[in-house]
file target-v2.txt (compact mmCIF, C-alpha atoms)
# COMPACT_ATOMS: atom_id res chain seq x y z
CA MET Q 1 50.21 33.81 25.68
CA MET Q 2 47.63 33.64 22.85
CA ASN Q 3 46.59 37.11 21.65
CA ARG Q 4 43.00 38.00 20.75
CA PHE Q 5 43.57 37.87 16.98
CA THR Q 6 45.06 34.36 17.13
CA PHE Q 7 42.17 33.16 19.31
CA LEU Q 8 39.55 34.51 16.90
CA MET Q 9 41.29 32.84 13.96
CA LEU Q 10 41.22 29.50 15.76
CA VAL Q 11 37.50 29.87 16.42
CA VAL Q 12 36.87 30.53 12.71
CA VAL Q 13 38.87 27.44 11.75
CA VAL Q 14 37.01 25.21 14.24
CA VAL Q 15 33.62 26.47 13.06
CA ALA Q 16 34.58 25.86 9.43
CA VAL Q 17 35.71 22.29 10.18
CA GLN Q 18 32.51 21.55 12.10
CA GLY Q 19 30.42 22.91 9.25
CA ASN Q 20 32.16 20.72 6.68
CA GLY Q 21 31.82 17.65 8.89
CA GLY Q 22 28.10 18.24 9.41
CA GLY Q 23 27.63 18.59 5.66
CA ASN Q 24 29.23 15.22 5.03
CA ARG Q 25 27.08 13.46 7.59
CA GLY Q 26 23.85 14.92 6.32
CA GLY Q 27 24.53 14.71 2.58
CA GLY Q 28 23.70 11.05 2.13
CA GLY Q 29 19.93 11.53 2.13
CA GLY Q 30 19.76 14.72 0.10
CA GLY Q 31 20.30 15.77 -3.48
CA GLY Q 32 19.14 14.01 -6.59
CA GLY Q 33 20.35 12.30 -9.75
CA GLY Q 34 22.69 10.01 -7.80
CA ARG Q 35 24.42 12.66 -5.71
CA GLY Q 36 25.55 11.50 -2.28
CA PRO Q 37 28.02 12.61 0.39
CA SER Q 38 30.87 14.90 -0.70
CA ASN Q 39 32.96 12.15 -2.31
CA ARG Q 40 30.44 9.34 -3.04
CA CYS Q 41 27.58 8.65 -5.41
CA ARG Q 42 24.67 7.34 -3.37
CA ALA Q 43 23.16 3.87 -3.76
CA GLU Q 44 20.19 3.95 -6.12
CA ILE Q 45 18.19 2.00 -8.66
CA THR Q 46 17.70 2.75 -12.35
CA PHE Q 47 14.57 1.71 -14.21
CA ASP Q 48 14.07 1.57 -17.97
CA ASP Q 49 12.80 -0.86 -20.61
CA LYS Q 50 15.65 -3.23 -19.72
CA GLY Q 51 14.49 -3.61 -16.13
CA ILE Q 52 15.63 -2.38 -12.73
CA ILE Q 53 19.34 -2.32 -11.79
CA GLN Q 54 20.59 -1.81 -8.24
CA TRP Q 55 23.69 0.38 -7.94
CA PRO Q 56 25.72 0.39 -4.71
CA SER Q 57 27.31 3.52 -3.31
CA ALA Q 58 30.61 4.40 -5.02
CA LYS Q 59 33.53 6.81 -4.63
CA ILE Q 60 34.22 9.46 -7.26
CA GLY Q 61 36.29 7.79 -10.00
CA ASP Q 62 35.03 4.28 -9.22
CA THR Q 63 33.29 2.20 -11.88
CA LYS Q 64 30.66 -0.29 -10.76
CA THR Q 65 29.59 -3.35 -12.73
CA ARG Q 66 26.17 -4.95 -12.47
CA PRO Q 67 24.47 -7.74 -14.42
CA CYS Q 68 21.70 -7.04 -16.87
CA PRO Q 69 18.41 -7.67 -14.99
CA TYR Q 70 17.13 -10.54 -17.12
CA ASP Q 71 20.42 -12.02 -18.42
CA ARG Q 72 21.90 -13.44 -15.23
CA ARG Q 73 21.50 -17.05 -14.18
CA GLN Q 74 20.42 -16.57 -10.59
CA ALA Q 75 22.12 -13.43 -9.38
CA ASP Q 76 19.27 -11.53 -7.75
CA SER Q 77 21.49 -10.98 -4.71
CA GLY Q 78 24.89 -11.40 -6.36
CA GLU Q 79 27.79 -8.99 -6.03
CA GLU Q 80 30.68 -8.33 -8.37
CA GLY Q 81 32.81 -11.43 -8.78
CA ASP Q 82 30.14 -13.91 -7.65
CA ASP Q 83 30.02 -17.16 -9.61
CA GLU Q 84 26.35 -16.57 -10.38
CA MET Q 85 27.28 -13.55 -12.51
CA THR Q 86 29.91 -15.34 -14.62
CA ASN Q 87 27.67 -15.86 -17.63
CA ALA Q 88 25.68 -12.63 -17.34
CA THR Q 89 25.82 -9.66 -19.69
CA MET Q 90 27.21 -6.79 -17.66
CA VAL Q 91 26.47 -3.07 -17.36
CA THR Q 92 29.05 -0.56 -16.13
CA ARG Q 93 28.55 2.89 -14.63
CA GLU Q 94 31.06 5.43 -13.34
CA CYS Q 95 30.76 7.78 -10.38
CA LEU Q 96 31.78 11.14 -11.86
CA ASP Q 97 32.88 14.45 -10.37
CA ASP Q 98 30.46 17.11 -11.62
CA ASN Q 99 30.88 19.78 -8.96
CA GLY Q 100 30.29 16.88 -6.63
CA PRO Q 101 29.58 13.16 -7.04
CA MET Q 102 27.20 12.29 -9.87
CA TRP Q 103 26.48 8.95 -11.49
CA GLY Q 104 27.24 8.78 -15.19
CA PRO Q 105 24.92 7.04 -17.68
CA ALA Q 106 24.54 3.28 -17.67
CA ASN Q 107 24.73 1.65 -21.10
CA THR Q 108 22.12 -1.10 -21.14
CA SER Q 109 22.03 -1.51 -24.93
CA GLU Q 110 23.24 -5.14 -24.73
CA CYS Q 111 20.64 -6.14 -22.13
CA THR Q 112 17.52 -8.12 -22.98
CA PRO Q 113 14.49 -5.76 -23.24
CA ASP Q 114 11.61 -6.48 -20.90
CA SER Q 115 9.33 -7.00 -23.92
CA GLN Q 116 11.09 -10.34 -24.37
CA VAL Q 117 10.62 -11.38 -20.74
CA SER Q 118 7.43 -12.83 -19.27
CA ARG Q 119 5.48 -10.74 -16.81
CA GLY Q 120 5.93 -13.39 -14.15
CA ASN Q 121 9.73 -13.23 -14.45
CA ARG Q 122 9.69 -9.43 -14.44
CA LEU Q 123 7.56 -9.38 -11.30
CA ASN Q 124 9.78 -11.97 -9.65
CA HIS Q 125 12.84 -9.85 -10.47
CA LEU Q 126 11.13 -6.76 -9.04
CA ARG Q 127 10.33 -8.70 -5.88
CA GLY Q 128 14.03 -9.39 -5.36
CA THR Q 129 15.03 -5.73 -5.76
CA PHE Q 130 16.36 -3.99 -2.67
CA ILE Q 131 14.83 -0.50 -2.45
CA PRO Q 132 17.25 2.17 -1.17
CA PRO Q 133 15.82 5.15 0.75
CA GLY Q 134 14.02 7.59 -1.52
CA GLN Q 135 13.70 5.11 -4.40
CA ALA Q 136 10.30 3.57 -3.65
CA LYS Q 137 8.45 5.53 -6.35
CA LYS Q 138 10.55 3.95 -9.10
CA VAL Q 139 9.53 0.51 -7.89
CA ALA Q 140 5.89 1.56 -7.47
CA ASP Q 141 5.93 2.92 -11.04
CA ALA Q 142 7.34 -0.36 -12.34
CA LEU Q 143 4.73 -2.34 -10.43
CA SER Q 144 1.80 -0.25 -11.70
CA GLU Q 145 3.09 -0.80 -15.24
CA LEU Q 146 3.40 -4.57 -14.74
CA THR Q 147 -0.12 -4.89 -13.32
CA ALA Q 148 -1.82 -2.79 -16.01
CA ASP Q 149 -3.27 -5.81 -17.84
CA ALA Q 150 -4.92 -7.12 -14.70
CA ASP Q 151 -7.19 -9.68 -16.35
CA GLY Q 152 -4.13 -11.77 -17.25
CA LEU Q 153 -2.62 -11.76 -13.77
CA GLU Q 154 -2.00 -15.24 -12.35
CA GLU Q 155 -1.83 -16.25 -8.69
CA GLY Q 156 1.98 -16.25 -8.77
CA ASP Q 157 1.95 -12.75 -10.25
CA LEU Q 158 -0.21 -11.51 -7.37
CA THR Q 159 2.09 -13.19 -4.85
CA SER Q 160 5.07 -11.33 -6.31
CA ALA Q 161 3.17 -8.04 -6.49
CA VAL Q 162 2.08 -8.24 -2.84
CA ASP Q 163 5.66 -8.97 -1.77
CA VAL Q 164 6.83 -5.91 -3.72
CA TYR Q 165 4.29 -3.76 -1.87
CA ASP Q 166 5.65 -5.13 1.40
CA ASN Q 167 9.14 -4.07 0.26
CA ILE Q 168 7.87 -0.59 -0.62
CA LEU Q 169 6.35 -0.28 2.83
CA GLU Q 170 9.56 -1.40 4.51
CA SER Q 171 11.62 1.10 2.53
CA SER Q 172 9.17 3.87 3.50
CA GLU Q 173 9.28 3.30 7.25
CA ASN Q 174 10.72 6.79 7.78
CA GLY Q 175 8.06 8.42 5.62
CA THR Q 176 6.95 8.70 2.00
CA ASP Q 177 5.58 11.36 -0.33
CA ARG Q 178 2.39 11.95 -2.25
CA ASP Q 179 3.81 10.84 -5.61
CA THR Q 180 4.88 7.47 -4.25
CA LEU Q 181 1.48 6.98 -2.60
CA LYS Q 182 -0.29 7.87 -5.84
CA SER Q 183 1.80 5.46 -7.91
CA ALA Q 184 1.22 2.69 -5.37
CA MET Q 185 -2.55 3.30 -5.43
CA LYS Q 186 -2.54 3.11 -9.23
CA GLY Q 187 -1.11 -0.39 -8.99
CA ILE Q 188 -3.63 -1.38 -6.30
CA GLY Q 189 -6.43 -0.14 -8.54
CA ASN Q 190 -5.04 -2.31 -11.34
CA ILE Q 191 -4.94 -5.42 -9.16
CA MET Q 192 -8.55 -4.86 -8.11
CA LYS Q 193 -9.49 -5.61 -11.74
CA ALA Q 194 -7.89 -9.07 -11.63
CA ARG Q 195 -10.15 -12.10 -11.96
CA ARG Q 196 -12.05 -12.85 -8.76
CA GLU Q 197 -10.93 -16.49 -8.76
CA THR Q 198 -7.29 -15.32 -8.90
CA LEU Q 199 -7.81 -12.91 -6.00
CA ARG Q 200 -9.52 -15.65 -3.98
CA ALA Q 201 -6.69 -18.08 -4.66
CA SER Q 202 -4.13 -15.48 -3.61
CA GLN Q 203 -6.04 -14.82 -0.39
CA LYS Q 204 -6.30 -18.51 0.38
CA SER Q 205 -2.62 -19.24 -0.23
CA ASN Q 206 -0.91 -16.25 1.44
CA ARG Q 207 -3.57 -13.68 2.41
CA GLY Q 208 -2.56 -11.69 -0.67
CA ALA Q 209 -5.74 -9.62 -0.98
CA GLY Q 210 -5.91 -8.92 2.75
CA ARG Q 211 -2.27 -7.81 2.83
CA LEU Q 212 -3.02 -5.24 0.12
CA ILE Q 213 -5.82 -3.76 2.26
CA GLU Q 214 -3.37 -3.53 5.15
CA PHE Q 215 -0.76 -1.95 2.86
CA VAL Q 216 -3.16 0.84 1.85
CA GLU Q 217 -3.80 1.69 5.49
CA ASP Q 218 -0.15 1.39 6.55
CA ILE Q 219 1.34 3.49 3.72
CA SER Q 220 -1.29 6.19 4.34
CA ARG Q 221 0.07 6.57 7.87
CA LEU Q 222 3.52 7.35 6.48
CA VAL Q 223 2.76 9.95 3.80
CA SER Q 224 3.98 13.49 4.44
CA LEU Q 225 1.23 16.01 5.21
CA GLU Q 226 3.04 19.24 4.42
CA ASN Q 227 -0.17 20.91 3.25
CA GLY Q 228 -2.43 19.24 5.81
CA THR Q 229 -4.21 16.95 3.35
CA VAL Q 230 -3.28 14.39 0.71
CA ASN Q 231 -6.00 13.33 -1.69
CA ILE Q 232 -5.44 10.56 -4.26
CA VAL Q 233 -7.97 9.54 -6.90
CA GLU Q 234 -7.14 6.51 -9.02
CA ASP Q 235 -9.30 4.18 -11.06
CA GLY Q 236 -10.94 1.91 -8.49
CA ILE Q 237 -9.63 3.54 -5.32
CA ASP Q 238 -9.75 6.93 -3.56
CA VAL Q 239 -7.48 7.76 -0.61
CA ARG Q 240 -7.65 10.83 1.60
CA VAL Q 241 -5.26 11.54 4.50
CA GLU Q 242 -6.06 14.56 6.64
CA ALA Q 243 -4.05 16.06 9.48
CA ILE Q 244 -5.61 16.20 12.94
CA GLU Q 245 -3.94 19.10 14.69
CA ASN Q 246 -6.00 19.30 17.87
CA VAL Q 247 -7.22 16.03 19.34
CA GLU Q 248 -8.51 17.74 22.48
CA ASN Q 249 -10.89 19.96 20.51
CA PHE Q 250 -11.74 17.57 17.71
CA GLU Q 251 -14.78 18.80 15.76
CA GLY Q 252 -15.41 15.69 13.69
CA LEU Q 253 -14.43 14.81 10.13
CA SER Q 254 -16.23 13.71 6.99
CA PHE Q 255 -15.08 11.82 3.92
CA SER Q 256 -17.31 12.07 0.88
CA PRO Q 257 -15.30 10.87 -2.14
CA GLU Q 258 -17.71 12.18 -4.76
CA ALA Q 259 -17.15 15.67 -3.30
CA ASP Q 260 -13.34 15.38 -3.20
CA GLY Q 261 -11.20 16.30 -6.17
CA ASP Q 262 -7.75 15.45 -7.41
CA GLU Q 263 -5.76 17.75 -9.64
CA THR Q 264 -4.90 14.90 -12.01
CA GLY Q 265 -8.32 13.34 -12.49
CA ASP Q 266 -11.81 12.66 -11.25
CA SER Q 267 -13.28 9.58 -9.66
CA PRO Q 268 -16.69 8.25 -10.66
CA PRO Q 269 -19.47 9.34 -8.28
CA LEU Q 270 -19.61 6.54 -5.74
CA LYS Q 271 -22.46 6.84 -3.28
CA ALA Q 272 -20.64 6.33 0.00
CA LYS Q 273 -19.54 8.69 2.75
CA ILE Q 274 -18.43 8.50 6.36
CA ASP Q 275 -18.72 10.91 9.30
CA LEU Q 276 -16.52 10.75 12.40
CA PRO Q 277 -18.17 12.13 15.58
CA GLU Q 278 -16.74 14.88 17.78
CA THR Q 279 -16.46 12.39 20.66
CA LEU Q 280 -14.25 10.02 18.67
CA PHE Q 281 -11.31 10.28 21.09
CA SER Q 282 -13.24 10.57 24.36
CA LYS Q 283 -12.10 7.17 25.70
CA LEU Q 284 -8.44 7.43 24.76
CA THR Q 285 -5.66 7.88 27.29
CA PRO Q 286 -3.30 10.89 27.01
CA GLU Q 287 -0.62 8.52 25.72
CA GLN Q 288 -2.92 7.28 22.95
CA ARG Q 289 -4.01 10.79 22.01
CA ALA Q 290 -0.38 11.82 21.61
CA LEU Q 291 0.00 9.20 18.86
CA ILE Q 292 -2.73 10.68 16.66
CA ASP Q 293 -1.78 13.18 13.97
CA ARG Q 294 -4.01 12.15 11.07
CA ALA Q 295 -7.12 10.39 9.83
CA GLN Q 296 -6.94 7.98 6.87
CA PHE Q 297 -9.93 7.35 4.60
CA THR Q 298 -10.21 4.94 1.67
CA LEU Q 299 -12.99 4.19 -0.78
CA TYR Q 300 -12.67 0.95 -2.75
CA GLU Q 301 -14.91 1.03 -5.81
CA SER Q 302 -15.56 -2.68 -5.39
CA ASP Q 303 -15.04 -5.40 -2.79
CA ALA Q 304 -12.44 -7.12 -5.00
CA LEU Q 305 -9.78 -7.23 -2.25
CA PHE Q 306 -12.18 -8.42 0.43
CA GLN Q 307 -11.90 -12.12 -0.29
CA THR Q 308 -12.49 -14.96 2.14
CA GLY Q 309 -10.49 -17.46 0.10
CA ASP Q 310 -13.67 -19.49 -0.41
CA GLU Q 311 -13.50 -21.08 -3.84
CA GLU Q 312 -17.26 -20.75 -4.34
CA GLY Q 313 -16.99 -16.98 -4.04
CA SER Q 314 -19.60 -14.57 -2.82
CA GLU Q 315 -22.16 -12.15 -4.13
CA ASP Q 316 -20.98 -8.74 -5.29
CA VAL Q 317 -20.93 -6.41 -2.29
CA GLY Q 318 -20.13 -3.16 -4.06
CA PRO Q 319 -18.12 -0.22 -2.71
CA VAL Q 320 -16.23 -0.48 0.58
CA ILE Q 321 -15.35 2.60 2.62
CA SER Q 322 -12.88 2.72 5.49
CA ALA Q 323 -11.58 5.08 8.17
CA SER Q 324 -8.80 4.92 10.74
CA VAL Q 325 -6.81 7.40 12.84
CA GLY Q 326 -3.06 7.01 13.03
CA ASP Q 327 -2.23 3.58 14.38
CA VAL Q 328 -4.70 3.68 17.26
CA PRO Q 329 -7.63 1.21 17.22
CA LEU Q 330 -10.97 2.74 18.17
CA GLN Q 331 -13.80 0.57 19.53
CA ASP Q 332 -16.88 0.94 21.74
CA LEU Q 333 -17.28 4.59 20.79
CA ASP Q 334 -19.54 6.87 22.85
CA ASP Q 335 -21.16 8.10 19.63
CA PRO Q 336 -21.26 5.96 16.51
CA VAL Q 337 -19.46 6.50 13.24
CA THR Q 338 -22.06 7.13 10.53
CA ILE Q 339 -21.60 5.59 7.09
CA ALA Q 340 -24.05 6.33 4.28
CA PHE Q 341 -24.49 4.27 1.11
CA GLU Q 342 -26.71 4.52 -1.91
CA LYS Q 343 -29.96 2.77 -1.06
CA LYS Q 344 -30.14 -0.87 -2.16
CA GLU Q 345 -32.78 -3.39 -1.27
CA GLY Q 346 -31.91 -6.54 0.67
CA ARG Q 347 -28.73 -5.18 2.24
CA HIS Q 348 -27.41 -4.93 5.76
CA CYS Q 349 -24.51 -3.03 7.31
CA ALA Q 350 -21.30 -4.95 7.89
CA TYR Q 351 -17.59 -4.49 8.49
CA TRP Q 352 -14.60 -6.58 7.44
CA ASP Q 353 -13.31 -8.69 10.31
CA PHE Q 354 -9.73 -9.72 9.49
CA GLY Q 355 -9.75 -12.36 12.23
CA LYS Q 356 -12.67 -14.42 10.96
CA ASN Q 357 -12.49 -17.47 8.75
CA ASP Q 358 -9.11 -18.68 10.05
CA GLY Q 359 -7.50 -15.31 9.39
CA ASN Q 360 -8.79 -14.96 5.84
CA GLY Q 361 -11.41 -12.45 6.98
CA ASP Q 362 -15.16 -12.19 6.44
CA TRP Q 363 -18.01 -9.75 6.86
CA SER Q 364 -19.50 -9.22 10.31
CA THR Q 365 -22.45 -7.17 11.54
CA ALA Q 366 -21.32 -6.84 15.17
CA GLY Q 367 -21.46 -3.28 16.46
CA CYS Q 368 -23.39 -1.91 13.46
CA GLU Q 369 -27.04 -1.03 12.98
CA ARG Q 370 -28.93 0.00 9.86
CA VAL Q 371 -31.10 3.09 9.43
CA VAL Q 372 -33.07 3.32 6.18
CA ALA Q 373 -33.82 6.76 4.73
CA ASP Q 374 -35.55 7.83 1.52
CA ASP Q 375 -32.55 7.57 -0.81
CA GLU Q 376 -29.80 6.07 1.32
CA ILE Q 377 -28.97 3.52 3.97
CA MET Q 378 -27.04 4.73 6.99
CA CYS Q 379 -24.90 2.42 9.07
CA LYS Q 380 -24.14 3.46 12.62
CA CYS Q 381 -21.15 1.54 13.96
CA SER Q 382 -19.23 1.62 17.22
CA HIS Q 383 -15.73 1.26 15.76
CA LEU Q 384 -13.49 2.19 12.81
CA THR Q 385 -12.59 -0.22 10.01
CA ASN Q 386 -13.81 -1.15 6.50
CA PHE Q 387 -17.58 -0.93 5.93
CA ALA Q 388 -19.97 -2.10 3.22
CA LEU Q 389 -23.59 -2.98 2.49
CA VAL Q 390 -23.67 -6.77 2.30
CA PRO Q 391 -26.51 -8.73 0.66
CA ASP Q 392 -28.90 -10.24 3.20
CA SER Q 393 -28.52 -13.63 1.52
CA GLY Q 394 -24.77 -13.82 0.95
CA ALA Q 395 -23.07 -16.78 -0.67
CA SER Q 396 -22.22 -18.25 2.71
CA SER Q 397 -25.88 -18.08 3.77
CA GLN Q 398 -26.98 -19.64 0.50
CA ARG Q 399 -24.54 -22.51 0.93
CA ALA Q 400 -25.68 -23.03 4.51
CA ALA Q 401 -29.29 -23.09 3.36
CA PHE Q 402 -28.43 -25.50 0.57
CA GLY Q 403 -26.58 -27.74 3.00
CA ALA Q 404 -29.52 -27.71 5.41
CA SER Q 405 -31.93 -28.52 2.57
CA LEU Q 406 -29.77 -31.38 1.32
CA PHE Q 407 -29.49 -32.76 4.85
CA GLY Q 408 -33.28 -32.62 5.16
CA VAL Q 409 -33.81 -34.48 1.88
CA LEU Q 410 -31.33 -37.20 2.87
CA MET Q 411 -32.97 -37.63 6.26
CA SER Q 412 -36.38 -37.94 4.61
CA LEU Q 413 -35.11 -40.59 2.22
CA LEU Q 414 -33.51 -42.46 5.11
CA LEU Q 415 -36.78 -42.43 7.07
CA VAL Q 416 -38.71 -43.67 4.03
CA TYR Q 417 -36.20 -46.49 3.60
CA LEU Q 418 -36.36 -47.52 7.25
CA TYR Q 419 -40.11 -47.37 7.65
call {"tool": "encode", "arguments": {"input": "target-v2.txt", "output": "structure tokens"}}
result
Amino acid sequence: MMNRFTFLMLVVVVVAVQGNGGGNRGGGGGGGGGRGPSNRCRAEITFDDKGIIQWPSAKIGDTKTRPCPYDRRQADSGEEGDDEMTNATMVTRECLDDNGPMWGPANTSECTPDSQVSRGNRLNHLRGTFIPPGQAKKVADALSELTADADGLEEGDLTSAVDVYDNILESSENGTDRDTLKSAMKGIGNIMKARRETLRASQKSNRGAGRLIEFVEDISRLVSLENGTVNIVEDGIDVRVEAIENVENFEGLSFSPEADGDETGDSPPLKAKIDLPETLFSKLTPEQRALIDRAQFTLYESDALFQTGDEEGSEDVGPVISASVGDVPLQDLDDPVTIAFEKKEGRHCAYWDFGKNDGNGDWSTAGCERVVADDEIMCKCSHLTNFALVPDSGASSQRAAFGASLFGVLMSLLLVYLY
């Protein structure tokens, strides 16, 4: 017969074992500096002036070998022992025991510095980098650095950059933080300064510009809102994400970028703001309302990313402002969304329709009306998306008019010839 003391001791032992087991299961996602579960260094990436190196998980005492980023023949996905790595300069790194697993330093002194590698090759290498959980900021930092000289970006560079942003989004599917969002927006702001012809070519070949717009909206849905609001101000782009705690008693929201601040900088005063009505969710089902926990706002300083792919280009539209709520589309609203812009002559209200122009997107006026005031133009629209003031005689209208005029001249000449 088990006495009471023996029974209590068994309970203590069982509890202790369960506690240790739970710690091992949960340790993989925590810690920093390469710490992982109780006996393993976690998978991570390192980033310095020799490029990005992917390190797999390792046991304490194990030494891992990886190729220098720019010295391998074709080993973007190679593993130790692969033929592709035979001629590559190698880097080694040991998983140490420092009161727990901790990666030691990696000696990259024999690796080719990125200053000797073309930007295109560096971007292509970054595109092939697998991003472990919690490592997206390192890649976003590398990308913002590589896109800093935007005027020299080529179409292939933009293709690689857009693919990297897709990888960042995929690695952040379980959430991201403010610092990663800020770094990503810095890179987006850089790309917006690329040559218009390059952005148009990227849009025409693989919807590059349009995918960046979608990335901004998608990553904003994933950022943690521990303090209720995240506000990012970067050169060329402002992003604000605000928690919606009570959909049933929604009191409306406003986004006025020139009134918002960011602790690390200020944005230029851009004359655009947007107001969401109190009745915004009146037509949603209970299931749809349950999906809403935030509103996302973005102000693009220019329309650089809103490219149709048309080689002849379009007139400068100016700032573009957007709003969305969670991942729930809102259309046919009971009360309109109100967007205000600085007053400009010869402009009408429009939104970006991603489905137009064979999927390349174009401006549309459907569902929007213009109200002109003393110093501003207000657009009242029945849905949420990206809004702008578009010139009344856009490039597409000018080309249509030119085509009609040319047709008329040719017909006149034909009639003169016949009669």
call {"tool": "atom_distance", "arguments": {"input": "target-v2.txt", "atom1": "CA of Val162 in chain Q", "atom2": "CA of Leu212 in chain Q"}}
result
6.6 Å
call {"tool": "atom_distance", "arguments": {"input": "target-v2.txt", "atom1": "CA of Ser115 in chain Q", "atom2": "CA of Thr46 in chain Q"}}
result
17.3 Å
call {"tool": "atom_distance", "arguments": {"input": "target-v2.txt", "atom1": "CA of Asp62 in chain Q", "atom2": "CA of Arg93 in chain Q"}}
result
8.6 Å
call {"tool": "residues_around", "arguments": {"input": "target-v2.txt", "residues": "Arg221 in chain Q", "least_positions_apart": "4", "cutoff": "10 Å", "atoms": "only C-alpha atoms", "output": "ChimeraX atom specification"}}
result
/Q:173,175-176,215-217,225,241,293-296,324-327
call {"tool": "closest_residue", "arguments": {"input": "target-v2.txt", "among": "Q:Arg122, Q:Ser171, Q:Phe255, Q:Ala58", "to": "Pro101 in chain Q", "atoms": "only C-alpha atoms"}}
result
Q:Ala58
call {"tool": "residues_near_point", "arguments": {"input": "target-v2.txt", "point": "(10.7, 4.0, -7.7)", "cutoff": "10 Å", "atoms": "only C-alpha atoms", "output": "ChimeraX atom specification"}}
result
/Q:44-47,52,131-143,168,179-180,183-184
call {"tool": "axis_aligned_box", "arguments": {"input": "target-v2.txt", "around": "range 382-388 of chain Q", "padding_each_side": "3 Å", "output": "lines of an AutoDock Vina configuration file"}}
result
center_x = -16.3
center_y = 0.0
center_z = 10.2
size_x = 13.4
size_y = 10.3
size_z = 20.0
call {"tool": "residues_around", "arguments": {"input": "target-v2.txt", "residues": "range 382-394 of chain Q", "least_positions_apart": "5", "cutoff": "8 Å", "atoms": "all atoms listed in the file", "output": "ChimeraX atom specification"}}
result
/Q:314-315,317-324,329-337,339,341,346-352,363,367-368
call {"tool": "write_last_selection", "arguments": {"input": "target-v2.txt", "atoms": "C-alpha atoms", "output": "CSV table (one decimal), in the frame of the given file"}}
result
chain,number,residue,atom,x,y,z
Q,314,SER,CA,-19.6,-14.6,-2.8
Q,315,GLU,CA,-22.2,-12.2,-4.1
Q,317,VAL,CA,-20.9,-6.4,-2.3
Q,318,GLY,CA,-20.1,-3.2,-4.1
Q,319,PRO,CA,-18.1,-0.2,-2.7
Q,320,VAL,CA,-16.2,-0.5,0.6
Q,321,ILE,CA,-15.4,2.6,2.6
Q,322,SER,CA,-12.9,2.7,5.5
Q,323,ALA,CA,-11.6,5.1,8.2
Q,324,SER,CA,-8.8,4.9,10.7
Q,329,PRO,CA,-7.6,1.2,17.2
Q,330,LEU,CA,-11.0,2.7,18.2
Q,331,GLN,CA,-13.8,0.6,19.5
Q,332,ASP,CA,-16.9,0.9,21.7
Q,333,LEU,CA,-17.3,4.6,20.8
Q,334,ASP,CA,-19.5,6.9,22.8
Q,335,ASP,CA,-21.2,8.1,19.6
Q,336,PRO,CA,-21.3,6.0,16.5
Q,337,VAL,CA,-19.5,6.5,13.2
Q,339,ILE,CA,-21.6,5.6,7.1
Q,341,PHE,CA,-24.5,4.3,1.1
Q,346,GLY,CA,-31.9,-6.5,0.7
Q,347,ARG,CA,-28.7,-5.2,2.2
Q,348,HIS,CA,-27.4,-4.9,5.8
Q,349,CYS,CA,-24.5,-3.0,7.3
Q,350,ALA,CA,-21.3,-5.0,7.9
Q,351,TYR,CA,-17.6,-4.5,8.5
Q,352,TRP,CA,-14.6,-6.6,7.4
Q,363,TRP,CA,-18.0,-9.8,6.9
Q,367,GLY,CA,-21.5,-3.3,16.5
Q,368,CYS,CA,-23.4,-1.9,13.5
call {"tool": "closest_residue", "arguments": {"input": "target-v2.txt", "among": "Q:Gly228, Q:Pro56, Q:Pro113, Q:Gly361", "to": "Asp310 in chain Q", "atoms": "all atoms listed in the file"}}
result
Q:Gly361
